[in-house]
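Enquirer: I'd like to ask some things about the structure below.
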Amino acid sequence: MAGDASPPVPGPDDGAPPAPSQTTKDPTAPAPADGHDNGHARTGKTALIIGAIGVVFGDIGTSPLYAMREALHHSRSGGAAELAVLGVVSLVFWALILVVTIKYVVFLMRVDNKGEGGTLALMALAQHAVGRRSAAIFLLGVCGAALFYGDGVITPAISVLSAIEGLKDAPGIGPSLTPYVLPIAAGILIALFMIQSRGTGSMARFFGPLTLVWFLILAALGVYHIFDDISILRALSPHYGVAFLFDNGFLGFVILGSVFLAVTGAEALYADMGHFGKSPIRLGWLWVVLPCLTLNYLGQGAFVLANREAVENPFWLMVPQFAYWPVLIMATIATVIASQAVITGAFSVTQQAVQLGLLPRMSILNTSESQAGQIYVPAVNSLLMVGVLALLVTFQTSSALAAAYGIAVTGSMFVDSLLAWFIVRNLWKWSVPLSLGAISPLVAIDLVFMTSNMLKIPQGAWMPLVLGAGLVTIMWTWTRGSQILTAKAKKDSLPLVDLIEMLRARPPHRAPGTAVFLTSDPDVAPVALMHNLKHNKVLHEKNVILTVKTLDRPRVPEADRFVMESINDDFKKITLSYGFMESPVVPRALSQCRKQGLKFDIMSTSFFLGRRSVVPAANQGMPLWQDKLYIFLMRNAANPTDFFHIPPGRVVELGTQVSV
């Protein structure tokens, strides 16, 4: 891709938020008390730890259902040999230590954007760190976001299906229930997606305690079986993991892809950092989640050493008959909670992508009056549901889905490691040797796991790669198309100061009230204003040139929300600034401008928006197929009236035709 690949700056009057500003305050500075602390200061640390266990660790907490089984199945002995069991448990344990504990808990959680984590937050921070628009950083951020959606489609499918597959081993009646596993899993997932529009705030308070119970069940099962063969404790030594890899040769490299299933969900520690804070997540991992997972994997290993036939499905076969149904019910609840966390994460990433200009406007609905983070994105919810059900029908078993799972997560982790380089080098000002010493081991670990998962492309890993490539194409097309429209509009536009001079020389008819013209370039006369003068031959008594900016920080304090500049008695410029995790509510922000002298009455104010009719051009701009894709995206974008929460009865849309 040639040319400027930075986030787009939409053209005037299209109502879309522009690219992140490169002149914001230092993101490493402490966040001001702006009321957006997510309740960290008001909520007890214990409550935050329990909440983090429910949301942050739900995905990684369901890995014991299938990770051990898949890794053992791929070994040369089929998992029956002692070295295979010790080696797999050792590799799983050290993956939890190296990938989750050292990479994310110890290091990456220090690389935050005003307390927020995640690939897009890291991309915005990296852009700020280098001080310019970087095509490499933009591409990394887009790829990371696209792979996250791939993870968002696979996680609900494999998590819920792996739990419901426990019916196959139910005491006495397992074989008769086998044909119903897939329909039951599909029914649970459909119900989960159907309730998203009602919001999950009322249920979310139970996520933490229920998931905590699940982790205690995992630990109890591990302790219950660890004495089946206490020699399993040898697996805590990395020696057995390394010996197992050498014993299996090239197959050992393949097995690493299955071992990685044990750490899927680790990226959630970073992505959800802003919701709970660093300390609760770290404490939840070190004191609850890591010990419980370690005990369970050790218990599975000891059980297989004592009962070699258990290699077929070590988790479900290790559950005692008297506790089978309670464990099955709790496993289902845990997988539903893990799926809910991923779905909510997809909504959050979509909001960030829209605000950063990577995707067209979408309808984003708040499902809670008190919590800004409780949002619902209908289009994403529908697409995720279709994708999840398609996966269930295509792959049908959690073992088949496991082949497709790892590549999306490893790719996302690899992107995080590469973006961290720009932070430590340009923002923290570390020396090159120190930066290489910190980042190189992380990149090396990610590359090993990623290339191992790539070997599974024929078995299903192609699916998230194809999905990710499609999303990258959409984001790049939207970005490039918006840049082309911006350039064309700027070329054909009239500077605002020149228009004001023309109006002073030849005053038009004046209409009472206030007119607000939305534009992404406040120095250029908005197209809607030009059309209003040309066709209606009228100018309102008060005119506001309004620009909505998205900054490279998660949230903006209310005190810094707007800047107003008076041009003359007829015109004022107002710039509203929002973070990439906020939804712009223009009328509310304008009402705050009264303190600076703006006479604003929503009932006597008209909002003028420019509506573009875009036509493809075969011999300019993008290729014709990309032009058509951009036009499709633009036609299906949410109405700016809804996106900016402007009362529909106060909006006037004036259109123009332009080619791309």
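Quick note on naming: the chains in the structure tokens go A, B, ... in the order shown, residues restart at 1 in each chain, and ligands are numbered from 1 in order of appearance.
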Write out as a VMD selection string the set of residues from region 179-428 of chain A that DSSP, computed on the backbone, places in helix (DSSP H, G or I).
Expert: chain A and resid 179 to 194 196 to 198 201 to 226 230 to 236 238 to 248 250 to 263 267 to 271 273 to 276 278 to 306 308 to 312 314 to 317 321 to 355 378 to 395 398 to 427
Enquirer: Given the choices A:Met581, A:Ile567, A:Ser417, A:Arg361, which gets closest to Asn639 (chain A) if the distance is worked out from only C-alpha atoms?
Expert: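 Among A:Met581, A:Ile567, A:Ser417, A:Arg361, it is A:Arg361 that comes nearest to Asn639 (chain A).
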Enquirer: Identify which of the residues A:Leu503, A:Val153, A:Leu221, A:Met68 lies closest to Ala404 (chain A), counting only C-alpha atoms when measuring atom-to-atom distances.
Expert: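 Counting only C-alpha atoms, the residue closest to Ala404 (chain A) is A:Val153.
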Enquirer: If DSSP is run on the backbone, what residues of region 435-615 of chain A are strand (DSSP E)? A reply as a PyMOL selection string would be ideal.
Expert: chain A and resi 509-518+538-550+562-566+571-578+605-615
Enquirer: So that each row is one residue of region 464-575 of chain A with an atom at most 10 Å from region 350-354 of chain A, can you give its shortest atom pair and the distance in Å to one decimal, using only C-alpha atoms, rows by chain and rising number, as CSV?
Expert:
residue,atom,partner,partner_atom,distance
A:Met475,CA,A:Ala353,CA,8.9
A:Thr550,CA,A:Gln352,CA,9.8
A:Pro554,CA,A:Gln352,CA,8.7
Enquirer: Hey, can you spit out that residue selection with all heavy atoms as a PDB file, in the first residue's frame?
Expert:
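Resulting contents of result_10.pdb:
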ATOM      1  N   MET A 475     -11.417  -1.818   6.282  1.00  0.00           N
ATOM      2  CA  MET A 475     -10.857  -0.668   6.996  1.00  0.00           C
ATOM      3  C   MET A 475      -9.968   0.174   6.087  1.00  0.00           C
ATOM      4  O   MET A 475     -10.014   1.408   6.116  1.00  0.00           O
ATOM      5  CB  MET A 475     -10.072  -1.143   8.220  1.00  0.00           C
ATOM      6  CG  MET A 475     -10.926  -1.735   9.324  1.00  0.00           C
ATOM      7  SD  MET A 475      -9.931  -2.201  10.762  1.00  0.00           S
ATOM      8  CE  MET A 475     -11.171  -2.991  11.792  1.00  0.00           C
ATOM      9  N   THR A 550     -11.751  13.553  17.306  1.00  0.00           N
ATOM     10  CA  THR A 550     -11.460  12.392  18.142  1.00  0.00           C
ATOM     11  C   THR A 550      -9.975  12.417  18.472  1.00  0.00           C
ATOM     12  O   THR A 550      -9.138  12.386  17.567  1.00  0.00           O
ATOM     13  CB  THR A 550     -11.814  11.088  17.425  1.00  0.00           C
ATOM     14  OG1 THR A 550     -13.206  11.092  17.110  1.00  0.00           O
ATOM     15  CG2 THR A 550     -11.517   9.891  18.319  1.00  0.00           C
ATOM     16  N   PRO A 554      -8.377   7.950  25.549  1.00  0.00           N
ATOM     17  CA  PRO A 554      -9.686   7.280  25.691  1.00  0.00           C
ATOM     18  C   PRO A 554     -10.834   8.230  25.984  1.00  0.00           C
ATOM     19  O   PRO A 554     -11.913   8.100  25.407  1.00  0.00           O
ATOM     20  CB  PRO A 554      -9.462   6.307  26.851  1.00  0.00           C
ATOM     21  CG  PRO A 554      -7.984   6.153  26.964  1.00  0.00           C
ATOM     22  CD  PRO A 554      -7.391   7.441  26.506  1.00  0.00           C
TER      23      PRO A 554
END
Enquirer: Grab the CA of Trp428 (chain A) to CA of Val349 (chain A) distance for me, in Å with one decimal place.
Expert: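 Taking CA of Trp428 (chain A) as the start and CA of Val349 (chain A) as the end point, the length is 25.8 Å.
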Enquirer: Have a look at A:Ser604, A:Val289, A:Asp229, A:Gly437 and name the one nearest to Asn307 (chain A); count only C-alpha atoms.
Expert: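 Ranking A:Ser604, A:Val289, A:Asp229, A:Gly437 by distance to Asn307 (chain A), first place goes to A:Asp229.
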Enquirer: Excluding same-chain residues fewer than 4 positions from Ser452 (chain A), what lies within 8 Å of it counting only C-alpha atoms, as a ChimeraX atom specification?
Expert: /A:253-257,448,456
